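> Sharing data_1.pdb below, PDB, C-alpha atoms, pLDDT in the B column:
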```pdb
ATOM      1  CA  MET V   1      12.203  13.143  -1.216  1.00 44.00           C
ATOM      2  CA  SER V   2       8.738  14.296  -0.159  1.00 52.00           C
ATOM      3  CA  ARG V   3       6.511  12.086   1.945  1.00 61.00           C
ATOM      4  CA  ARG V   4       4.040  11.746  -0.941  1.00 62.00           C
ATOM      5  CA  SER V   5       6.696  10.707  -3.460  1.00 69.00           C
ATOM      6  CA  GLY V   6       8.116   8.242  -0.940  1.00 84.00           C
ATOM      7  CA  ILE V   7       4.721   6.567  -0.619  1.00 86.00           C
ATOM      8  CA  LEU V   8       4.377   6.400  -4.391  1.00 88.00           C
ATOM      9  CA  GLU V   9       7.821   4.827  -4.819  1.00 92.00           C
ATOM     10  CA  PHE V  10       7.028   2.253  -2.126  1.00 92.00           C
ATOM     11  CA  ALA V  11       3.749   1.336  -3.844  1.00 91.00           C
ATOM     12  CA  VAL V  12       5.330   1.097  -7.307  1.00 93.00           C
ATOM     13  CA  LEU V  13       8.132  -1.151  -6.055  1.00 95.00           C
ATOM     14  CA  GLY V  14       5.634  -3.319  -4.212  1.00 93.00           C
ATOM     15  CA  LEU V  15       3.373  -3.774  -7.225  1.00 93.00           C
ATOM     16  CA  LEU V  16       6.294  -4.540  -9.512  1.00 95.00           C
ATOM     17  CA  ARG V  17       7.584  -7.096  -7.054  1.00 94.00           C
ATOM     18  CA  GLU V  18       4.421  -9.064  -7.823  1.00 91.00           C
ATOM     19  CA  SER V  19       5.013  -8.922 -11.573  1.00 93.00           C
ATOM     20  CA  PRO V  20       6.394  -6.636 -14.311  1.00 95.00           C
ATOM     21  CA  MET V  21       3.818  -4.162 -15.625  1.00 94.00           C
ATOM     22  CA  HIS V  22       3.178  -1.542 -18.269  1.00 92.00           C
ATOM     23  CA  GLY V  23       2.795   2.025 -17.015  1.00 89.00           C
ATOM     24  CA  TYR V  24      -0.946   1.891 -17.669  1.00 87.00           C
ATOM     25  CA  GLU V  25      -1.418  -1.228 -15.569  1.00 90.00           C
ATOM     26  CA  LEU V  26       0.552   0.373 -12.760  1.00 89.00           C
ATOM     27  CA  ARG V  27      -1.675   3.439 -12.950  1.00 87.00           C
ATOM     28  CA  LYS V  28      -4.782   1.312 -12.784  1.00 85.00           C
ATOM     29  CA  ARG V  29      -3.539  -0.795  -9.871  1.00 87.00           C
ATOM     30  CA  LEU V  30      -2.558   2.318  -7.931  1.00 85.00           C
ATOM     31  CA  ASN V  31      -6.024   3.699  -8.476  1.00 81.00           C
ATOM     32  CA  THR V  32      -8.155   0.608  -7.896  1.00 79.00           C
ATOM     33  CA  SER V  33      -6.141  -1.615  -5.539  1.00 72.00           C
ATOM     34  CA  LEU V  34      -4.548   1.057  -3.356  1.00 70.00           C
ATOM     35  CA  GLY V  35      -7.324   3.402  -2.344  1.00 63.00           C
ATOM     36  CA  VAL V  36      -5.035   6.150  -1.072  1.00 60.00           C
ATOM     37  CA  PHE V  37      -4.016   6.885  -4.684  1.00 63.00           C
ATOM     38  CA  ARG V  38      -7.528   7.581  -5.950  1.00 59.00           C
ATOM     39  CA  ALA V  39      -6.750  11.292  -5.849  1.00 57.00           C
ATOM     40  CA  PHE V  40      -3.173  10.852  -6.999  1.00 62.00           C
ATOM     41  CA  SER V  41      -1.886  12.844  -9.988  1.00 62.00           C
ATOM     42  CA  TYR V  42      -0.938  10.489 -12.815  1.00 63.00           C
ATOM     43  CA  GLY V  43       1.513  13.109 -14.021  1.00 75.00           C
ATOM     44  CA  SER V  44       3.818  12.118 -11.151  1.00 82.00           C
ATOM     45  CA  LEU V  45       3.923   8.392 -12.017  1.00 88.00           C
ATOM     46  CA  TYR V  46       6.286   8.468 -15.004  1.00 88.00           C
ATOM     47  CA  PRO V  47       8.792  10.828 -13.306  1.00 91.00           C
ATOM     48  CA  CYS V  48       8.727   8.413 -10.371  1.00 92.00           C
ATOM     49  CA  LEU V  49       9.386   5.469 -12.705  1.00 94.00           C
ATOM     50  CA  LYS V  50      12.258   7.321 -14.371  1.00 94.00           C
ATOM     51  CA  THR V  51      13.760   8.068 -10.968  1.00 95.00           C
ATOM     52  CA  LEU V  52      13.553   4.416  -9.936  1.00 96.00           C
ATOM     53  CA  VAL V  53      15.173   3.371 -13.223  1.00 96.00           C
ATOM     54  CA  ALA V  54      17.993   5.887 -12.692  1.00 97.00           C
ATOM     55  CA  GLN V  55      18.562   4.512  -9.200  1.00 96.00           C
ATOM     56  CA  GLY V  56      18.909   1.006 -10.601  1.00 96.00           C
ATOM     57  CA  TRP V  57      15.800  -0.343  -8.873  1.00 97.00           C
ATOM     58  CA  LEU V  58      13.826  -0.816 -12.101  1.00 97.00           C
ATOM     59  CA  ILE V  59      14.671  -1.607 -15.696  1.00 96.00           C
ATOM     60  CA  GLU V  60      12.684  -0.791 -18.800  1.00 95.00           C
ATOM     61  CA  GLU V  61      11.960  -3.538 -21.322  1.00 92.00           C
ATOM     62  CA  PRO V  62      10.041  -3.509 -24.619  1.00 87.00           C
ATOM     63  CA  GLY V  63       6.612  -5.147 -24.753  1.00 73.00           C
ATOM     64  CA  SER V  64       6.826  -8.920 -24.942  1.00 58.00           C
ATOM     65  CA  ALA V  65       4.784  -9.439 -28.118  1.00 52.00           C
ATOM     66  CA  PRO V  66       6.525  -8.352 -31.369  1.00 49.00           C
ATOM     67  CA  GLU V  67       3.175  -7.954 -33.148  1.00 48.00           C
ATOM     68  CA  ASP V  68       2.187  -5.366 -30.511  1.00 53.00           C
ATOM     69  CA  ALA V  69       5.280  -3.333 -31.314  1.00 50.00           C
ATOM     70  CA  LEU V  70       4.546  -3.573 -35.047  1.00 52.00           C
ATOM     71  CA  ALA V  71       0.912  -2.534 -34.561  1.00 52.00           C
ATOM     72  CA  ALA V  72       1.988   0.421 -32.433  1.00 51.00           C
ATOM     73  CA  SER V  73       4.534   1.455 -35.084  1.00 50.00           C
ATOM     74  CA  LEU V  74       1.934   1.297 -37.845  1.00 49.00           C
ATOM     75  CA  ALA V  75      -0.410   3.380 -35.718  1.00 51.00           C
ATOM     76  CA  GLY V  76       2.280   6.007 -35.191  1.00 51.00           C
ATOM     77  CA  ARG V  77       2.773   5.139 -31.523  1.00 56.00           C
ATOM     78  CA  ARG V  78       5.764   3.774 -29.714  1.00 58.00           C
ATOM     79  CA  ALA V  79       5.574   0.286 -28.241  1.00 64.00           C
ATOM     80  CA  LYS V  80       4.678   0.093 -24.588  1.00 81.00           C
ATOM     81  CA  ILE V  81       7.445  -0.202 -22.050  1.00 91.00           C
ATOM     82  CA  VAL V  82       7.355  -2.875 -19.359  1.00 95.00           C
ATOM     83  CA  TYR V  83       8.871  -2.021 -15.999  1.00 96.00           C
ATOM     84  CA  ARG V  84      10.628  -4.812 -14.118  1.00 96.00           C
ATOM     85  CA  LEU V  85      12.073  -4.842 -10.605  1.00 96.00           C
ATOM     86  CA  THR V  86      15.830  -5.464 -10.433  1.00 97.00           C
ATOM     87  CA  ALA V  87      17.587  -7.489  -7.742  1.00 96.00           C
ATOM     88  CA  GLU V  88      18.691  -4.197  -6.175  1.00 97.00           C
ATOM     89  CA  GLY V  89      15.113  -2.917  -6.327  1.00 96.00           C
ATOM     90  CA  LYS V  90      13.822  -6.028  -4.608  1.00 96.00           C
ATOM     91  CA  GLU V  91      16.428  -5.666  -1.870  1.00 95.00           C
ATOM     92  CA  HIS V  92      15.529  -1.998  -1.405  1.00 95.00           C
ATOM     93  CA  PHE V  93      11.827  -2.794  -1.184  1.00 95.00           C
ATOM     94  CA  GLU V  94      12.490  -5.476   1.432  1.00 94.00           C
ATOM     95  CA  GLU V  95      14.380  -2.880   3.465  1.00 94.00           C
ATOM     96  CA  LEU V  96      11.369  -0.574   3.229  1.00 93.00           C
ATOM     97  CA  LEU V  97       9.050  -3.414   4.264  1.00 92.00           C
ATOM     98  CA  ALA V  98      11.154  -4.035   7.365  1.00 93.00           C
ATOM     99  CA  HIS V  99      10.643  -0.447   8.527  1.00 89.00           C
ATOM    100  CA  SER V 100       8.008  -0.129  11.258  1.00 88.00           C
ATOM    101  CA  GLY V 101       8.641   3.343  12.653  1.00 87.00           C
ATOM    102  CA  PRO V 102       6.017   5.969  13.495  1.00 88.00           C
ATOM    103  CA  ASP V 103       5.527   7.154   9.899  1.00 86.00           C
ATOM    104  CA  ALA V 104       4.200   3.667   9.057  1.00 88.00           C
ATOM    105  CA  TRP V 105       1.333   4.260  11.499  1.00 87.00           C
ATOM    106  CA  GLU V 106       0.101   7.547  10.024  1.00 87.00           C
ATOM    107  CA  ASP V 107      -3.141   7.703   8.075  1.00 85.00           C
ATOM    108  CA  GLU V 108      -1.725   7.806   4.538  1.00 78.00           C
ATOM    109  CA  HIS V 109       1.265   5.546   5.141  1.00 85.00           C
ATOM    110  CA  PHE V 110      -0.677   2.906   7.034  1.00 90.00           C
ATOM    111  CA  GLY V 111      -3.064   2.211   4.154  1.00 88.00           C
ATOM    112  CA  ILE V 112      -0.166   1.527   1.769  1.00 88.00           C
ATOM    113  CA  ARG V 113       1.751  -0.529   4.293  1.00 90.00           C
ATOM    114  CA  PHE V 114      -1.333  -2.621   4.988  1.00 92.00           C
ATOM    115  CA  ALA V 115      -1.860  -3.228   1.267  1.00 89.00           C
ATOM    116  CA  PHE V 116       1.503  -5.031   1.235  1.00 92.00           C
ATOM    117  CA  PHE V 117       1.128  -6.963   4.476  1.00 92.00           C
ATOM    118  CA  GLY V 118       1.068 -10.173   2.446  1.00 91.00           C
ATOM    119  CA  GLN V 119       4.738  -9.494   1.630  1.00 91.00           C
ATOM    120  CA  THR V 120       5.641  -8.288   5.129  1.00 93.00           C
ATOM    121  CA  SER V 121       7.050 -10.417   7.942  1.00 93.00           C
ATOM    122  CA  ARG V 122       4.768 -11.231  10.858  1.00 93.00           C
ATOM    123  CA  ASP V 123       6.872  -9.361  13.440  1.00 93.00           C
ATOM    124  CA  VAL V 124       6.824  -6.178  11.367  1.00 95.00           C
ATOM    125  CA  ARG V 125       3.072  -6.511  10.771  1.00 95.00           C
ATOM    126  CA  MET V 126       2.527  -6.752  14.514  1.00 95.00           C
ATOM    127  CA  ARG V 127       4.644  -3.670  15.237  1.00 95.00           C
ATOM    128  CA  VAL V 128       2.837  -1.616  12.599  1.00 95.00           C
ATOM    129  CA  LEU V 129      -0.620  -2.745  13.773  1.00 96.00           C
ATOM    130  CA  GLU V 130       0.161  -2.106  17.425  1.00 96.00           C
ATOM    131  CA  GLY V 131       1.714   1.259  16.602  1.00 96.00           C
ATOM    132  CA  ARG V 132      -1.334   2.250  14.568  1.00 96.00           C
ATOM    133  CA  ARG V 133      -3.654   1.192  17.382  1.00 97.00           C
ATOM    134  CA  SER V 134      -1.654   3.173  19.925  1.00 96.00           C
ATOM    135  CA  ARG V 135      -1.743   6.259  17.700  1.00 95.00           C
ATOM    136  CA  LEU V 136      -5.521   6.003  17.255  1.00 96.00           C
ATOM    137  CA  GLU V 137      -6.125   5.423  20.958  1.00 96.00           C
ATOM    138  CA  GLU V 138      -4.223   8.645  21.672  1.00 95.00           C
ATOM    139  CA  ARG V 139      -6.311  10.447  19.048  1.00 95.00           C
ATOM    140  CA  LEU V 140      -9.522   9.046  20.517  1.00 95.00           C
ATOM    141  CA  GLU V 141      -8.595  10.196  24.012  1.00 95.00           C
ATOM    142  CA  LYS V 142      -7.973  13.723  22.750  1.00 94.00           C
ATOM    143  CA  MET V 143     -11.255  13.746  20.825  1.00 93.00           C
ATOM    144  CA  ARG V 144     -13.192  12.654  23.910  1.00 93.00           C
ATOM    145  CA  ALA V 145     -11.509  15.270  26.082  1.00 93.00           C
ATOM    146  CA  SER V 146     -12.237  17.970  23.498  1.00 91.00           C
ATOM    147  CA  LEU V 147     -15.863  16.931  23.220  1.00 90.00           C
ATOM    148  CA  THR V 148     -16.271  17.014  26.994  1.00 90.00           C
ATOM    149  CA  ARG V 149     -14.891  20.556  27.129  1.00 89.00           C
ATOM    150  CA  THR V 150     -16.868  21.978  24.220  1.00 88.00           C
ATOM    151  CA  ARG V 151     -20.128  19.969  24.279  1.00 86.00           C
ATOM    152  CA  GLU V 152     -22.201  22.801  25.755  1.00 86.00           C
ATOM    153  CA  ARG V 153     -20.994  25.292  23.137  1.00 88.00           C
ATOM    154  CA  LEU V 154     -21.684  23.131  20.077  1.00 87.00           C
ATOM    155  CA  ASP V 155     -24.829  23.128  17.992  1.00 90.00           C
ATOM    156  CA  ASP V 156     -26.493  19.787  17.257  1.00 90.00           C
ATOM    157  CA  TYR V 157     -24.936  19.322  13.825  1.00 93.00           C
ATOM    158  CA  THR V 158     -21.382  20.069  14.920  1.00 91.00           C
ATOM    159  CA  LEU V 159     -21.886  17.739  17.858  1.00 91.00           C
ATOM    160  CA  GLU V 160     -23.057  14.956  15.550  1.00 93.00           C
ATOM    161  CA  LEU V 161     -20.072  15.525  13.271  1.00 92.00           C
ATOM    162  CA  GLN V 162     -17.686  15.141  16.191  1.00 91.00           C
ATOM    163  CA  ARG V 163     -19.483  12.021  17.358  1.00 92.00           C
ATOM    164  CA  HIS V 164     -19.268  10.588  13.854  1.00 94.00           C
ATOM    165  CA  GLY V 165     -15.517  11.207  13.820  1.00 94.00           C
ATOM    166  CA  MET V 166     -15.126   9.476  17.172  1.00 95.00           C
ATOM    167  CA  GLU V 167     -17.184   6.503  16.056  1.00 96.00           C
ATOM    168  CA  SER V 168     -14.999   6.131  12.945  1.00 95.00           C
ATOM    169  CA  VAL V 169     -11.855   6.022  15.081  1.00 96.00           C
ATOM    170  CA  GLU V 170     -13.487   3.605  17.531  1.00 97.00           C
ATOM    171  CA  ARG V 171     -14.416   1.275  14.651  1.00 97.00           C
ATOM    172  CA  GLU V 172     -10.851   1.267  13.373  1.00 96.00           C
ATOM    173  CA  VAL V 173      -9.505   0.515  16.850  1.00 97.00           C
ATOM    174  CA  ARG V 174     -11.880  -2.467  17.101  1.00 97.00           C
ATOM    175  CA  TRP V 175     -10.774  -3.626  13.647  1.00 97.00           C
ATOM    176  CA  LEU V 176      -7.123  -3.329  14.647  1.00 97.00           C
ATOM    177  CA  ASN V 177      -7.802  -5.317  17.820  1.00 97.00           C
ATOM    178  CA  GLU V 178      -9.270  -8.110  15.697  1.00 96.00           C
ATOM    179  CA  LEU V 179      -6.289  -8.073  13.325  1.00 96.00           C
ATOM    180  CA  ILE V 180      -3.803  -8.142  16.178  1.00 96.00           C
ATOM    181  CA  GLU V 181      -5.597 -11.055  17.816  1.00 95.00           C
ATOM    182  CA  SER V 182      -5.634 -12.892  14.494  1.00 94.00           C
ATOM    183  CA  GLU V 183      -1.895 -12.322  14.055  1.00 93.00           C
ATOM    184  CA  ARG V 184      -1.222 -13.566  17.569  1.00 91.00           C
ATOM    185  CA  ALA V 185      -3.399 -16.629  17.038  1.00 88.00           C
ATOM    186  CA  GLY V 186      -1.544 -17.391  13.810  1.00 81.00           C
ATOM    187  CA  ARG V 187       1.794 -17.042  15.579  1.00 70.00           C
ATOM    188  CA  ASP V 188       0.645 -19.389  18.337  1.00 64.00           C
ATOM    189  CA  ARG V 189      -0.505 -21.940  15.756  1.00 67.00           C
ATOM    190  CA  ARG V 190       2.872 -21.789  14.026  1.00 64.00           C
ATOM    191  CA  ARG V 191       4.676 -22.319  17.322  1.00 65.00           C
ATOM    192  CA  SER V 192       2.523 -25.321  18.201  1.00 66.00           C
ATOM    193  CA  ALA V 193       2.895 -26.892  14.735  1.00 62.00           C
ATOM    194  CA  PRO V 194       6.444 -26.131  13.510  1.00 53.00           C
ATOM    195  CA  GLU V 195       6.242 -28.777  10.824  1.00 47.00           C
ATOM    196  CA  THR V 196       3.671 -26.673   8.961  1.00 44.00           C
ATOM    197  CA  GLN V 197       5.693 -23.480   9.094  1.00 44.00           C
ATOM    198  CA  ASP V 198       6.257 -21.722   5.818  1.00 45.00           C
ATOM    199  CA  GLN V 199       8.716 -18.966   5.119  1.00 43.00           C
ATOM    200  CA  SER V 200       6.467 -16.776   3.017  1.00 43.00           C
ATOM    201  CA  GLY V 201       5.268 -14.426   5.767  1.00 47.00           C
ATOM    202  CA  SER V 202       1.692 -15.704   5.573  1.00 45.00           C
ATOM    203  CA  THR V 203      -1.160 -13.557   6.798  1.00 45.00           C
ATOM    204  CA  GLY V 204      -1.983 -15.643   9.859  1.00 46.00           C
ATOM    205  CA  GLY V 205      -5.341 -16.864   8.611  1.00 44.00           C
ATOM    206  CA  LEU V 206      -6.475 -13.517   7.186  1.00 51.00           C
ATOM    207  CA  PRO V 207      -8.040 -13.705   3.729  1.00 41.00           C
ATOM    208  CA  ARG V 208      -5.831 -12.542   0.889  1.00 42.00           C
ATOM    209  CA  ASP V 209      -7.401 -11.421  -2.341  1.00 44.00           C
ATOM    210  CA  ARG V 210      -4.982  -9.420  -4.410  1.00 39.00           C
ATOM    211  CA  GLY V 211      -6.949  -9.325  -7.620  1.00 42.00           C
ATOM    212  CA  SER V 212      -5.168  -7.788 -10.547  1.00 40.00           C
ATOM    213  CA  SER V 213      -6.501  -5.371 -13.126  1.00 40.00           C
ATOM    214  CA  ARG V 214      -6.112  -6.069 -16.829  1.00 38.00           C
ATOM    215  CA  PRO V 215      -4.496  -3.301 -18.865  1.00 40.00           C
ATOM    216  CA  ASP V 216      -6.388  -1.545 -21.614  1.00 43.00           C
ATOM    217  CA  PRO V 217      -4.567  -2.443 -24.835  1.00 37.00           C
ATOM    218  CA  SER V 218      -5.543   0.879 -26.352  1.00 39.00           C
ATOM    219  CA  ASP V 219      -3.801   2.975 -23.717  1.00 43.00           C
ATOM    220  CA  ASP V 220      -0.681   5.058 -23.728  1.00 43.00           C
ATOM    221  CA  THR V 221       3.000   4.440 -24.170  1.00 43.00           C
ATOM    222  CA  ALA V 222       5.708   5.157 -21.679  1.00 41.00           C
ATOM    223  CA  THR V 223       7.681   8.310 -22.057  1.00 39.00           C
TER     224      THR V 223
END
```
Could you render the structure from this file as structure tokens?

Amino acid sequence: MSRRSGILEFAVLGLLRESPMHGYELRKRLNTSLGVFRAFSYGSLYPCLKTLVAQGWLIEEPGSAPEDALAASLAGRRAKIVYRLTAEGKEHFEELLAHSGPDAWEDEHFGIRFAFFGQTSRDVRMRVLEGRRSRLEERLEKMRASLTRTRERLDDYTLELQRHGMESVEREVRWLNELIESERAGRDRRRSAPETQDQSGSTGGLPRDRGSSRPDPSDDTAT
């Protein structure tokens, strides 16, 4: 499995854990809710779904409204297919969520992992955040050393571009510091008030807005 397909499978399983969806709604959520998939090829989504079905992690179901199926038949189109996560798929996704190794800190992986932090345990969130911060601090150190060595040989525009890149990394490190402190503060609050503990893996006081996108009823059918 390629790294890219692995990220796509993780995102699909995570979205379907929230609720069953048509292929179109999945496409739209991948595009609008998970920014890393804005440049993603939609031609790879349905093969991914078929693979997940074959592995027993998803099942295909007909659309819930009979009149929709009849309307699609009259229009010469097949009824839409709804994809639902199986018990095995949920268990597999939870195993993926528990992973906090170095690939979870990389640029592309981290964005997807962060999108599902609301479903991730606090300890794993902390390991991923701290790993990401460590990786960026290493990158920042190398960028500063490179700039020091090459400053005199760079024209003004190249110098500004390098400074812009450094500032972007510095901003993300500051953001990660804030997130880590928020997670720690949430953990401390839970320890001091055990009677209010919940088991849902809450976000430690961080805002959660996982708005959903409505599917276009005129869109395609699953293949």
> Can you pull out every residue within 12 Å of V:Arg125, counting all atoms listed in the file, but drop anything in the same chain fewer than 3 positions away, and send it as a PyMOL selection string?
chain V and resi 97-101+104-105+110+113-122+128-132+176+179-180+182-184+187+201-204
> Using all atoms listed in the file, determine which residues lie at most 7 Å from V:Met166, disregarding the query and same-chain residues fewer than 3 positions distant; provide the list as number ranges by chain.
V: 140, 143, 162-163, 169-170
> Would you please work out which residue, of V:Ile81, V:Ile112, V:Leu161, V:Leu136, is nearest to V:Val12 when using all atoms listed in the file?
V:Ile112
> Figure out the distance between atom CA of V:Glu137 and atom CA of V:Val173, please, to one decimal in Å.
7.2 Å
> Of the residues V:Val124, V:Ala185, V:Leu85, V:Leu45, which is the one nearest to V:Pro20, using all atoms listed in the file?
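Under the stated criterion, the closest residue is V:Leu85.
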> Check the smallest atom-to-atom distance from each of V:Glu88, V:Leu15, V:Glu106, V:Leu96 to V:Arg135 using only C-alpha atoms, then report the winner.
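Among V:Glu88, V:Leu15, V:Glu106, V:Leu96, it is V:Glu106 that comes nearest to V:Arg135.
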> Expand the PyMOL selection byres ((chain V and resi 53-60) around 6) into the individual residues it matches in the shown file, reporting them as a ChimeraX atom specification.
/V:50-52,61,82-86,88-89
> Please report the interatomic distance between atom CA of V:Lys28 and atom CA of V:Pro47 in Å with one decimal.
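Going from atom CA of V:Lys28 over to atom CA of V:Pro47, I get 16.6 Å.
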> In Å, how far is it from atom CA of V:Glu167 to atom CA of V:Thr148?
15.2 Å
> Given the choices V:Gly165, V:Gly43, V:Pro62, V:Gly14, which gets closest to V:Arg29 if the distance is worked out from all atoms listed in the file?
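When distances to V:Arg29 are compared using all atoms listed in the file, the smallest one comes from V:Gly14.
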